[in-house]
Each structure stands twice: as structure tokens, then as C-alpha cells.
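Okay, data-v6.cif now, which holds mmCIF, C-alpha atoms and all ligand atoms:
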data_final
#
loop_
_atom_site.label_atom_id
_atom_site.label_comp_id
_atom_site.auth_asym_id
_atom_site.auth_seq_id
_atom_site.Cartn_x
_atom_site.Cartn_y
_atom_site.Cartn_z
CA MET L 1078 -5.70 17.47 -30.72
CA TYR L 1079 -9.12 17.83 -28.96
CA PHE L 1080 -7.66 17.63 -25.41
CA ASN L 1081 -8.76 21.10 -24.34
CA GLN L 1082 -12.38 20.18 -25.05
CA LEU L 1083 -12.02 16.75 -23.50
CA ILE L 1084 -10.45 17.89 -20.23
CA TYR L 1085 -11.84 21.39 -19.72
CA GLU L 1086 -15.29 21.51 -21.33
CA ASP L 1087 -17.01 18.78 -19.32
CA PRO L 1088 -18.38 17.01 -22.42
CA ASP L 1089 -21.43 14.72 -22.15
CA THR L 1090 -20.96 11.00 -22.85
CA ASN L 1091 -21.69 11.24 -26.58
CA LYS L 1092 -19.32 14.14 -27.04
CA LYS L 1093 -16.60 12.32 -25.05
CA ILE L 1094 -16.94 9.27 -27.29
CA LYS L 1095 -16.77 11.45 -30.39
CA LEU L 1096 -13.62 13.27 -29.22
CA LEU L 1097 -11.92 10.05 -28.10
CA THR L 1098 -12.79 8.34 -31.40
CA SER L 1099 -11.06 11.16 -33.28
CA ILE L 1100 -7.98 10.88 -31.03
CA HIS L 1101 -8.01 7.08 -31.45
CA HIS L 1102 -7.93 7.50 -35.21
CA ILE L 1103 -4.83 9.73 -34.97
CA VAL L 1104 -2.90 7.46 -32.60
CA THR L 1105 -3.61 4.27 -34.55
CA LYS L 1106 -2.43 5.93 -37.75
CA ASN L 1107 0.75 7.34 -36.20
CA SER L 1108 1.88 4.27 -34.25
CA LYS L 1109 2.08 1.87 -37.22
CA CYS L 1110 5.52 0.25 -37.56
CA ALA L 1111 6.74 -1.28 -40.80
CA SER L 1112 9.03 -3.76 -39.00
CA GLU L 1113 6.53 -5.13 -36.50
CA ASN L 1114 5.64 -8.73 -35.78
CA THR L 1115 2.05 -9.35 -36.88
CA THR L 1116 1.29 -12.10 -34.34
CA PHE L 1117 0.03 -10.73 -31.06
CA ASN L 1118 0.96 -12.72 -27.96
CA ASP L 1119 0.28 -12.11 -24.29
CA ASN L 1120 3.31 -12.14 -21.96
CA ILE L 1121 2.76 -14.64 -19.15
CA LEU L 1122 4.32 -13.29 -15.97
CA SER L 1123 4.93 -14.75 -12.50
CA GLN L 1124 1.96 -12.66 -11.23
CA GLY L 1125 -0.52 -12.30 -14.08
CA VAL L 1126 -0.74 -11.67 -17.80
CA ALA L 1127 0.58 -8.65 -19.70
CA VAL L 1128 -2.03 -8.34 -22.44
CA ASN L 1129 -1.02 -8.34 -26.10
CA THR L 1130 -0.88 -5.28 -28.37
CA LYS L 1131 -4.34 -5.83 -29.86
CA LEU L 1132 -6.04 -6.02 -26.45
CA ALA L 1133 -3.95 -3.21 -24.96
CA GLY L 1134 -4.87 -1.01 -27.93
CA ASP L 1135 -8.56 -1.95 -27.70
CA CYS L 1136 -8.65 -0.60 -24.13
CA PHE L 1137 -8.71 2.85 -25.72
CA THR L 1138 -12.30 2.25 -26.82
CA ASP L 1139 -13.42 1.50 -23.26
CA PHE L 1140 -14.33 5.16 -23.44
CA GLN L 1141 -15.38 6.09 -19.89
CA ARG L 1142 -12.25 4.32 -18.59
CA THR L 1143 -10.00 6.17 -21.00
CA PHE L 1144 -11.61 9.50 -20.21
CA ALA L 1145 -11.41 9.00 -16.43
CA PHE L 1146 -7.75 7.92 -16.51
CA MET L 1147 -6.77 10.77 -18.84
CA LYS L 1148 -8.59 13.44 -16.83
CA GLY L 1149 -7.61 12.10 -13.39
CA THR L 1150 -3.95 11.91 -14.39
CA TYR L 1151 -3.98 15.37 -15.89
CA LEU L 1152 -5.59 16.90 -12.77
CA CYS L 1153 -3.12 15.13 -10.48
CA VAL L 1154 -0.13 16.42 -12.47
CA LYS L 1155 -1.66 19.91 -12.58
CA GLU L 1156 -2.03 19.86 -8.79
CA LYS L 1157 1.67 19.00 -8.41
CA ILE L 1158 2.65 21.81 -10.79
CA ASP L 1159 0.44 24.24 -8.85
CA GLN L 1160 2.27 23.15 -5.67
CA GLY L 1161 5.52 24.32 -7.31
CA ILE L 1162 6.90 20.92 -8.34
CA GLN L 1163 8.65 21.20 -11.69
CA PRO L 1164 9.36 19.08 -13.55
CA VAL L 1165 6.86 16.53 -12.20
CA ASN L 1166 8.70 13.21 -12.40
CA ILE L 1167 6.35 10.57 -13.83
CA LEU L 1168 6.68 6.79 -14.20
CA TYR L 1169 4.12 5.29 -16.61
CA VAL L 1170 3.99 1.49 -16.50
CA GLY L 1171 2.37 -0.46 -19.35
CA THR L 1172 1.97 2.15 -22.08
CA GLY L 1173 0.30 -0.18 -24.58
CA PRO L 1174 0.77 0.96 -28.19
CA TYR L 1175 -0.76 4.43 -27.71
CA LEU L 1176 0.55 5.85 -24.37
CA THR L 1177 -3.16 6.47 -23.81
CA ILE L 1178 -3.27 7.79 -20.25
CA ILE L 1179 -0.56 10.43 -20.63
CA LEU L 1180 -1.59 11.78 -24.05
CA PRO L 1181 -3.28 14.94 -22.65
CA LEU L 1182 -0.08 15.82 -20.76
CA LEU L 1183 1.83 15.93 -24.04
CA PHE L 1184 -0.61 18.40 -25.55
CA LEU L 1185 -1.69 20.56 -22.62
CA LEU L 1186 1.63 21.00 -20.76
CA HIS L 1187 5.06 22.30 -21.78
CA PRO L 1188 7.97 19.84 -21.82
CA GLY L 1189 9.78 21.56 -18.92
CA MET L 1190 6.80 20.94 -16.62
CA ILE L 1191 7.01 17.14 -16.67
CA THR L 1192 9.52 14.39 -17.33
CA ILE L 1193 8.33 10.89 -18.14
CA THR L 1194 9.85 7.41 -17.88
CA THR L 1195 7.85 4.59 -19.49
CA LEU L 1196 8.05 0.80 -19.07
CA GLU L 1197 6.42 -1.70 -21.43
CA ILE L 1198 7.07 -5.43 -21.57
CA ASN L 1199 5.45 -6.20 -24.92
CA GLU L 1200 7.78 -5.67 -27.90
CA ASN L 1201 5.07 -4.69 -30.39
CA SER L 1202 3.39 -2.26 -28.00
CA TYR L 1203 6.79 -0.82 -27.13
CA SER L 1204 7.78 -0.26 -30.79
CA ARG L 1205 4.44 1.33 -31.56
CA SER L 1206 4.59 3.67 -28.57
CA LYS L 1207 8.11 4.75 -29.61
CA GLN L 1208 6.94 5.36 -33.15
CA LEU L 1209 4.01 7.42 -31.85
CA ILE L 1210 6.29 9.63 -29.73
CA LYS L 1211 8.45 10.24 -32.79
CA LYS L 1212 5.56 10.93 -35.16
CA LEU L 1213 3.93 13.33 -32.69
CA LYS L 1214 7.34 15.00 -32.15
CA LYS L 1215 7.07 14.64 -28.35
CA GLU L 1216 10.54 13.20 -27.60
CA ASN L 1217 11.46 16.11 -25.30
CA TYR L 1218 8.83 15.05 -22.72
CA PHE L 1219 10.57 11.70 -22.10
CA LYS L 1220 13.58 10.81 -19.96
CA SER L 1221 13.56 7.08 -20.83
CA VAL L 1222 11.30 4.82 -22.90
CA LEU L 1223 12.15 1.29 -21.80
CA LEU L 1224 11.29 -2.21 -23.01
CA THR L 1225 11.29 -4.03 -19.69
CA ASN L 1226 9.30 -6.01 -17.13
CA ALA L 1227 8.15 -3.59 -14.42
CA LEU L 1228 8.29 -6.43 -11.89
CA CYS L 1229 12.10 -6.46 -12.23
CA PHE L 1230 12.61 -2.70 -12.68
CA LYS L 1231 15.19 -1.00 -10.46
CA THR L 1232 16.35 2.62 -10.41
CA THR L 1233 17.70 5.24 -8.01
CA ASP L 1234 15.18 7.73 -9.44
CA ARG L 1235 12.15 8.73 -7.29
CA PHE L 1236 8.79 9.72 -8.78
CA ASP L 1237 5.99 12.20 -8.04
CA LEU L 1238 3.51 9.95 -9.85
CA ILE L 1239 3.41 6.27 -10.76
CA ILE L 1240 0.68 5.46 -13.28
CA SER L 1241 -0.46 2.00 -14.31
CA GLU L 1242 -3.65 0.49 -15.66
CA THR L 1243 -2.65 -3.16 -15.67
CA MET L 1244 -5.84 -4.48 -14.14
CA ASP L 1245 -9.01 -6.40 -14.91
CA LYS L 1246 -12.25 -6.53 -12.90
CA ALA L 1247 -11.82 -7.40 -9.20
CA LEU L 1248 -8.02 -7.33 -9.69
CA THR L 1249 -8.08 -10.66 -11.53
CA ARG L 1250 -5.80 -11.78 -14.36
CA GLU L 1251 -3.44 -8.77 -14.77
CA PRO L 1252 -0.48 -7.82 -12.53
CA GLN L 1253 -1.61 -4.44 -11.08
CA VAL L 1254 -1.14 -5.50 -7.44
CA ALA L 1255 2.29 -7.04 -8.06
CA ILE L 1256 3.42 -4.01 -10.08
CA PHE L 1257 2.38 -1.40 -7.50
CA ALA L 1258 3.71 -3.52 -4.63
CA HIS L 1259 7.09 -3.73 -6.38
CA LEU L 1260 7.28 -0.06 -7.41
CA ILE L 1261 5.82 1.64 -4.34
CA ASN L 1262 9.30 2.29 -2.91
CA LEU L 1263 10.10 4.43 -5.96
CA LEU L 1264 7.38 6.91 -5.00
CA LYS L 1265 8.44 10.15 -3.24
CA PRO L 1266 6.84 10.55 0.24
CA GLN L 1267 4.18 12.96 -1.13
CA GLY L 1268 3.90 11.04 -4.40
CA HIS L 1269 0.68 9.75 -5.96
CA LEU L 1270 -0.38 6.44 -7.44
CA ILE L 1271 -2.76 6.51 -10.41
CA PRO L 1272 -5.21 4.93 -9.82
CA GLU L 1273 -5.21 6.24 -6.26
CA SER L 1274 -7.24 3.33 -4.90
CA ILE L 1275 -9.02 0.21 -6.13
CA ASN L 1276 -11.90 -0.66 -3.81
CA ILE L 1277 -13.59 -4.03 -3.91
CA ASN L 1278 -16.90 -4.75 -2.21
CA LEU L 1279 -18.41 -8.16 -1.55
CA VAL L 1280 -22.16 -8.50 -2.16
CA ALA L 1281 -24.53 -11.46 -2.01
CA SER L 1282 -26.81 -12.12 -4.96
CA SER L 1283 -28.39 -14.86 -7.04
CA ILE L 1284 -27.35 -15.51 -10.64
CA ASN L 1285 -31.02 -16.24 -11.36
CA LEU L 1286 -31.97 -12.66 -10.45
CA GLU L 1287 -29.03 -10.87 -12.05
CA LYS L 1288 -29.11 -9.04 -15.39
CA ASN L 1289 -25.87 -8.70 -17.36
CA VAL L 1290 -24.63 -5.67 -19.26
CA ALA L 1291 -23.54 -5.69 -22.90
CA TYR L 1292 -19.79 -5.84 -23.62
CA ASN L 1293 -19.59 -2.11 -24.26
CA CYS L 1294 -21.31 -1.26 -21.02
CA TYR L 1295 -20.31 2.37 -20.51
CA THR L 1296 -23.62 3.97 -21.47
CA ASP L 1297 -25.77 1.49 -19.50
CA THR L 1298 -27.00 2.84 -16.16
CA ARG L 1299 -30.15 0.72 -15.87
CA THR L 1300 -28.66 -2.73 -15.25
CA LYS L 1301 -26.83 -1.69 -12.11
CA GLU L 1302 -29.95 -0.01 -10.77
CA PHE L 1303 -31.97 -3.18 -11.45
CA ASN L 1304 -29.40 -5.52 -9.83
CA ASP L 1305 -28.99 -3.28 -6.79
CA GLN L 1306 -32.62 -3.99 -5.86
CA HIS L 1307 -31.99 -7.58 -4.83
CA ARG L 1308 -28.30 -7.52 -3.84
CA GLN L 1309 -27.11 -7.48 -0.22
CA PHE L 1310 -23.91 -5.66 0.73
CA ILE L 1311 -21.60 -7.83 2.86
CA ASP L 1312 -18.30 -6.00 3.34
CA ASN L 1313 -15.58 -3.89 1.79
CA ILE L 1314 -13.03 -6.57 1.19
CA LEU L 1315 -10.07 -4.62 -0.22
CA LYS L 1316 -8.92 -1.02 -0.45
CA ALA L 1317 -5.81 -1.23 -2.61
CA ASP L 1318 -4.20 2.16 -2.06
CA LYS L 1319 -0.74 3.49 -1.23
CA SER L 1320 -0.76 2.18 2.35
CA PHE L 1321 -1.96 -1.28 1.23
CA PHE L 1322 0.87 -1.57 -1.30
CA GLN L 1323 3.42 -0.34 1.28
CA GLN L 1324 2.44 -3.20 3.61
CA ILE L 1325 2.50 -6.04 1.08
CA ASN L 1326 5.25 -8.58 1.37
CA THR L 1327 6.11 -8.96 -2.33
CA ALA L 1328 7.44 -12.48 -1.75
CA SER L 1329 4.10 -13.65 -0.38
CA GLN L 1330 1.74 -15.36 -2.83
CA LYS L 1331 -1.25 -15.40 -0.45
CA ILE L 1332 -2.20 -12.12 1.24
CA TRP L 1333 -4.82 -12.36 3.98
CA LEU L 1334 -7.37 -9.54 3.64
CA LYS L 1335 -10.04 -10.12 6.29
CA THR L 1336 -12.59 -12.53 7.72
CA VAL L 1337 -16.13 -11.93 6.47
CA SER L 1338 -19.35 -13.00 8.10
CA THR L 1339 -22.06 -14.57 5.91
CA SER L 1340 -24.51 -15.42 8.69
CA GLN L 1341 -26.97 -12.59 7.88
CA ILE L 1342 -27.33 -13.31 4.15
CA LYS L 1343 -30.97 -13.50 3.01
CA PRO L 1344 -32.33 -16.87 1.83
CA GLY L 1345 -32.14 -17.38 -1.95
CA LEU L 1346 -28.92 -15.38 -2.40
CA ASN L 1347 -26.49 -18.18 -3.17
CA GLU L 1348 -23.64 -16.37 -4.90
CA LEU L 1349 -21.07 -13.81 -3.82
CA LEU L 1350 -20.01 -11.09 -6.25
CA LEU L 1351 -17.05 -8.73 -6.19
CA LEU L 1352 -17.81 -5.16 -7.26
CA THR L 1353 -14.90 -2.90 -8.20
CA GLU L 1354 -14.63 0.85 -7.84
CA VAL L 1355 -11.54 2.51 -9.31
CA VAL L 1356 -10.64 5.86 -7.75
CA ILE L 1357 -8.34 7.43 -10.30
CA PHE L 1358 -7.78 10.77 -8.58
CA ASN L 1359 -9.95 12.55 -6.07
CA THR L 1360 -13.57 12.59 -7.30
CA ILE L 1361 -12.71 10.99 -10.63
CA ARG L 1362 -13.75 7.38 -10.32
CA LEU L 1363 -15.28 4.47 -12.18
CA ILE L 1364 -18.09 2.44 -10.65
CA GLU L 1365 -19.83 -0.77 -11.72
CA ASP L 1366 -20.57 -1.01 -15.44
CA GLU L 1367 -18.90 2.28 -16.33
CA SER L 1368 -16.00 0.31 -17.81
CA TRP L 1369 -14.72 -3.20 -18.51
CA LEU L 1370 -12.57 -2.87 -15.37
CA THR L 1371 -15.59 -2.39 -13.13
CA LYS L 1372 -17.92 -5.12 -14.30
CA LYS L 1373 -19.16 -7.49 -11.61
CA TYR L 1374 -17.20 -10.69 -10.95
CA THR L 1375 -18.87 -13.77 -9.49
CA CYS L 1376 -16.37 -15.26 -7.06
CA TYR L 1377 -18.23 -17.80 -4.95
CA SER L 1378 -21.26 -20.12 -4.68
CA PHE L 1379 -22.36 -21.39 -1.26
CA THR L 1380 -22.52 -25.10 -0.55
CA GLU L 1381 -24.70 -26.59 2.20
CA GLN L 1382 -21.65 -26.73 4.50
CA SER L 1383 -20.31 -23.23 3.79
CA ARG L 1384 -23.58 -21.24 3.94
CA GLY L 1385 -23.72 -18.97 7.00
CA LYS L 1386 -20.10 -19.70 7.99
CA PRO L 1387 -17.37 -17.06 8.31
CA HIS L 1388 -14.98 -16.95 5.34
CA ASN L 1389 -11.36 -15.87 5.12
CA ALA L 1390 -10.66 -13.61 2.14
CA PHE L 1391 -7.20 -13.76 0.55
CA TYR L 1392 -5.59 -12.03 -2.41
CA LEU L 1393 -3.65 -14.59 -4.43
CA ASN L 1394 -0.65 -12.84 -5.93
CA THR L 1395 0.10 -15.71 -8.32
CA GLN L 1396 0.14 -16.36 -12.08
CA THR L 1397 -3.68 -16.15 -11.95
CA PRO L 1398 -4.14 -13.27 -9.50
CA ARG L 1399 -7.54 -13.04 -7.81
CA ILE L 1400 -9.46 -12.79 -4.55
CA LYS L 1401 -10.27 -16.18 -3.03
CA LEU L 1402 -12.77 -16.93 -0.25
CA ILE L 1403 -12.20 -19.94 1.97
CA PRO L 1404 -14.94 -21.00 4.44
CA ILE L 1405 -13.93 -21.58 8.05
CA ILE L 1406 -15.82 -24.81 8.77
C1 LIG D 1 -4.45 -3.05 -20.12
S1 LIG D 1 -3.11 -2.46 -21.08
C2 LIG D 1 -3.29 -0.72 -20.85
C3 LIG D 1 -2.61 0.11 -21.90
C4 LIG D 1 -2.69 1.63 -21.68
N1 LIG D 1 -1.93 2.02 -20.52
C5 LIG D 1 -4.11 2.08 -21.50
O1 LIG D 1 -4.49 2.46 -20.39
O2 LIG D 1 -4.88 2.04 -22.47
C6 LIG D 1 -1.74 -2.89 -20.02
C7 LIG D 1 -0.36 -2.74 -20.64
O3 LIG D 1 0.60 -2.99 -19.60
C8 LIG D 1 1.65 -3.81 -20.09
N2 LIG D 1 2.21 -4.55 -18.96
C9 LIG D 1 1.59 -5.47 -18.19
N3 LIG D 1 2.42 -5.98 -17.26
C10 LIG D 1 3.60 -5.34 -17.45
C11 LIG D 1 4.86 -5.44 -16.78
N4 LIG D 1 5.07 -6.31 -15.77
N5 LIG D 1 5.86 -4.64 -17.20
C12 LIG D 1 5.66 -3.76 -18.22
N6 LIG D 1 4.50 -3.66 -18.88
C13 LIG D 1 3.48 -4.43 -18.50
C14 LIG D 1 0.96 -4.71 -21.12
O4 LIG D 1 1.88 -5.25 -22.02
C15 LIG D 1 -0.04 -3.74 -21.75
O5 LIG D 1 0.53 -3.06 -22.83
#
Here is a file; write its structure as C-alpha cells.
Amino acid sequence: MYFNQLIYEDPDTNKKIKLLTSIHHIVTKNSKCASENTTFNDNILSQGVAVNTKLAGDCFTDFQRTFAFMKGTYLCVKEKIDQGIQPVNILYVGTGPYLTIILPLLFLLHPGMITITTLEINENSYSRSKQLIKKLKKENYFKSVLLTNALCFKTTDRFDLIISETMDKALTREPQVAIFAHLINLLKPQGHLIPESININLVASSINLEKNVAYNCYTDTRTKEFNDQHRQFIDNILKADKSFFQQINTASQKIWLKTVSTSQIKPGLNELLLLTEVVIFNTIRLIEDESWLTKKYTCYSFTEQSRGKPHNAFYLNTQTPRIKLIPII
């Protein structure tokens, strides 16, 4: 199914899109369920939104994202196998309808090398992913395929890898932080999270100077270059990696991140933006405008009173998760 070329042949962007489009065609065809509900609803959770089947499926066509997650995951699993771990015990949270991120594992590895548990909260996405496993005849790679909310999931099992792409730009809207904070204790001491880290930088800018990318941004390299000319870096505000998730108190809705200084910001830069970098594994990462997950997010406009003052940055782990800046006046 094209995965050898995709993972091993270092295809250019056009070739990647072509290969992924062919794979997309196969998974959409093979995940159709006769019995499914045709209305697509989001699931509203205590700490974010689990996106509906249509949106979860559409993520596949965020091509650089899909490629980076597929390749990073495959390389991470391969590293574990090369270290002598077999089977690599994998937990995949939020499969969507197509089990997108783990597809290469099912075609490039033998069933004895890995064992997979999946969690999905959305009934339609769950039914489609089950149908896909059956149609592709890949049942022997899976230990359990569960329809459940990851935020309530409990098991005595321990995993070499926990994979989840349940995020939006700047860790807004979707429950990635809550999910990893809840599941981190299920990771073996040498285990890996995929993505490995989500890094968020704060920069000052002006909406009057900024250019915006098109919706399908992944082939645009010029806009970032243009915007970088007038932006001013302020601080790295969050590095959401294994040690961050280990420290989070899951009961807390407001997590203090740091105090940032805004006293050196150049005149005319009245807005603060959050820029996301997703480190999937090692050198495989997504930076601004390479995917929908890494588009800029405008989080703050200065007022006369707040300009130049220090600000406390918090992560709100609530129904509308996001980073919030509060001036210390
Ligand atoms: C953005 S989609 C990604 C789908 C697929 N993994 C991919 O990368 O293309 C996120 C998926 O996670 C599921 N999800 C979100 N929160 C969840 C939770 N608390 N428990 C289980 N599944 C969840 C959603 O229903 C959705 O199918």
C-alpha cells in the first residue's frame, strides 16, 4: 500500500501528497459502514472537544501533518524493536475513522512485533475504524479496540508508546493536554509519547503587518518568512513533554506556566501570538504553517494599562482549553 515509498524513499512534497491521496482513497472506501449514523456530532468533554467523524477524517488531508505523524511513529517503534523490545506495546488514543497514524505499522511490520490497544470516543469513528481493520485483515495486530473516553480509561497494562493527535493550534479546543496528563502513568519508564513534545513560543506582532496563509497551508513557505521580518520573539511559554505531563495535577483547571516580561516590546507591536512547534519524534517535527496544528494563534491585544507590564501565563485545562495571559498591574 505505498508505505515503503512514503517512509523509506524520502519523497518530495508533491510525491508525498500523491501517495497519501492514494492511501486516503483506500481507507475511505474500506471504512464505510452500512449501519452508521449519518449525522456527525462532536463530543463535548470536560476538557475540550472530541471532533466528529467528518473532521477527524479530514485531518488525513492535512498532508504534512499526516506524513510527519506516520513517519515519526514508525521510526519510534522501529527504534524500540531494534532495542530488542518485542512486541512493542502501543496505546493509540483517538483513532478517527482511519487509524491514520498507525497505518504504516500495519503494512511494514509483522504482527508479532507490535501489539496495539486503541481508544476512540466517537461511535461513528469507532465503527469505521473497526470496519477498516476487518477489511484490511489486520485484526492480529490489535489487543483491544475500545469505544471509550480516554479521560476515564484505566488499565493495569503499561505501554512502550502512547500516541495521540487530539490537538489544535496552540493547544486550544481539543483535549491533548488532559489526555496525556491522565495517561502518562500508563507509560513504561523508558516509554515514548507521540508527539514527543509540543512547544509554544510567544511572539509580539501587529495584525496590520501580518499576512495569513491559505487553509491548506502545507506548501506555503513564504508567509512565515514574510511575517518573521517584523515579529519579536518574547519567550518559550510551554514545552509540553513527558516531564510536563508527569507534573500536572489533573484536578487543576488552571496551570501556571511562567511570568513573561513585555517591557522590551517594540512600539507598534500590539498583539501577542502563540506559535506552535510539534516534535513528533526526534528530528521529525512540524513548524508554523506546515499543518493546521501549527498555524499562528493570536492570543492577546495590549491595552494602555497592560502594555509593558509583566504577564502571568496559564494553561486553562477546561472545556475550552487554551493558554491565557493575565497582566500583573
Ligand atoms: C483530530 S482527530 C485525529 C484522528 C487521527 N488520529 C489522525 O491523526 O488523523 C482526534 C480523534 O480523537 C478522538 N478523541 C478526542 N478526545 C478523545 C477522548 N477523550 N477519548 C477518546 N477519543 C478521543 C476524536 O473523537 C477524534 O476521532
Dump the neighbourhood of ligand LIG 1 (chain D) as an NGL selection string: all residues within 8 Å, distances computed on all atoms listed in the file. :L and (1119-1120 or 1122 or 1125-1130 or 1132-1137 or 1143 or 1146 or 1169-1178 or 1196-1199 or 1202-1203 or 1224-1229 or 1241-1245 or 1251-1253 or 1256)
Need the shell around stretch 1259-1274 of chain L: protein/DNA/RNA residues with any atom at most 9 Å away, counting all atoms listed in the file. Skip same-chain ones fewer than 4 positions apart. Format as number ranges by chain? L: 1146, 1149-1150, 1153, 1227-1242, 1254-1255, 1316-1319, 1322-1323, 1327, 1354-1359, 1362
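With distances taken over all atoms listed in the file, L:Ile1094 is the one residue among L:Leu1279, L:Ile1094, L:Ile1191, L:Leu1352 lying closest to L:Thr1138.
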Report as a Markdown table: every residue of stretch 1269-1300 of chain L with an atom at most 12 Å from stretch 1379-1392 of chain L, its closest pair of atoms, and their distance in Å to one decimal, counting all atoms listed in the file, with rows sorted by chain and ascending residue number.
| residue | atom | partner | partner_atom | distance |
| --- | --- | --- | --- | --- |
| L:Ile1277 | CA | L:Tyr1392 | CA | 11.4 |
| L:Asn1278 | CA | L:Ala1390 | CA | 11.7 |
| L:Leu1279 | CA | L:Ala1390 | CA | 10.2 |
| L:Ala1281 | CA | L:Phe1379 | CA | 10.2 |
| L:Ser1282 | CA | L:Phe1379 | CA | 10.9 |
| L:Ser1283 | CA | L:Phe1379 | CA | 10.6 |
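Separating atom CA of L:Tyr1085 from atom CA of L:Gln1208 is a distance of 28.1 Å.
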Rank L:Val1104, L:Ser1378, L:Pro1188, L:Leu1180 by their smallest atom-to-atom distance to L:Gly1345, using only C-alpha atoms, and report the top residue only. L:Ser1378
Where atoms are lacking, stretch 1383-1402 of chain L completed to N, CA and C atoms, as a compact mmCIF listing (two decimals), keeping the file's coordinate frame:
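Saved the output as selection-v7.txt:
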# COMPACT_ATOMS: atom_id res chain seq x y z
N SER L 1383 -20.96 -24.54 3.63
CA SER L 1383 -20.31 -23.23 3.79
C SER L 1383 -21.31 -22.10 4.08
N ARG L 1384 -22.57 -22.29 3.76
CA ARG L 1384 -23.58 -21.24 3.94
C ARG L 1384 -23.64 -20.81 5.41
N GLY L 1385 -23.60 -19.50 5.64
CA GLY L 1385 -23.72 -18.97 7.00
C GLY L 1385 -22.42 -18.98 7.79
N LYS L 1386 -21.38 -19.62 7.26
CA LYS L 1386 -20.10 -19.70 7.99
C LYS L 1386 -19.24 -18.46 7.70
N PRO L 1387 -18.34 -18.12 8.64
CA PRO L 1387 -17.37 -17.06 8.31
C PRO L 1387 -16.41 -17.55 7.22
N HIS L 1388 -15.91 -16.60 6.43
CA HIS L 1388 -14.98 -16.95 5.34
C HIS L 1388 -13.74 -16.07 5.45
N ASN L 1389 -12.59 -16.66 5.22
CA ASN L 1389 -11.36 -15.87 5.12
C ASN L 1389 -11.20 -15.43 3.67
N ALA L 1390 -10.90 -14.13 3.49
CA ALA L 1390 -10.66 -13.61 2.14
C ALA L 1390 -9.16 -13.38 1.96
N PHE L 1391 -8.63 -13.92 0.87
CA PHE L 1391 -7.20 -13.76 0.55
C PHE L 1391 -7.05 -13.13 -0.83
N TYR L 1392 -5.95 -12.40 -1.04
CA TYR L 1392 -5.59 -12.03 -2.41
C TYR L 1392 -4.47 -12.95 -2.85
N LEU L 1393 -4.69 -13.69 -3.93
CA LEU L 1393 -3.65 -14.59 -4.43
C LEU L 1393 -2.80 -13.83 -5.44
N ASN L 1394 -1.56 -13.60 -5.08
CA ASN L 1394 -0.65 -12.84 -5.93
C ASN L 1394 0.18 -13.84 -6.76
N THR L 1395 -0.52 -14.60 -7.59
CA THR L 1395 0.10 -15.71 -8.32
C THR L 1395 -0.04 -15.47 -9.83
N GLN L 1396 0.26 -16.51 -10.62
CA GLN L 1396 0.14 -16.36 -12.08
C GLN L 1396 -1.30 -16.07 -12.51
N THR L 1397 -2.27 -16.51 -11.69
CA THR L 1397 -3.68 -16.15 -11.95
C THR L 1397 -4.18 -15.35 -10.73
N PRO L 1398 -3.80 -14.07 -10.68
CA PRO L 1398 -4.14 -13.27 -9.50
C PRO L 1398 -5.64 -13.13 -9.32
N ARG L 1399 -6.11 -13.17 -8.07
CA ARG L 1399 -7.54 -13.04 -7.81
C ARG L 1399 -7.79 -13.04 -6.31
N ILE L 1400 -9.03 -12.66 -5.94
CA ILE L 1400 -9.46 -12.79 -4.55
C ILE L 1400 -10.07 -14.17 -4.38
N LYS L 1401 -9.72 -14.84 -3.29
CA LYS L 1401 -10.27 -16.18 -3.03
C LYS L 1401 -10.89 -16.20 -1.64
N LEU L 1402 -12.09 -16.79 -1.54
CA LEU L 1402 -12.77 -16.93 -0.25
C LEU L 1402 -12.68 -18.38 0.20
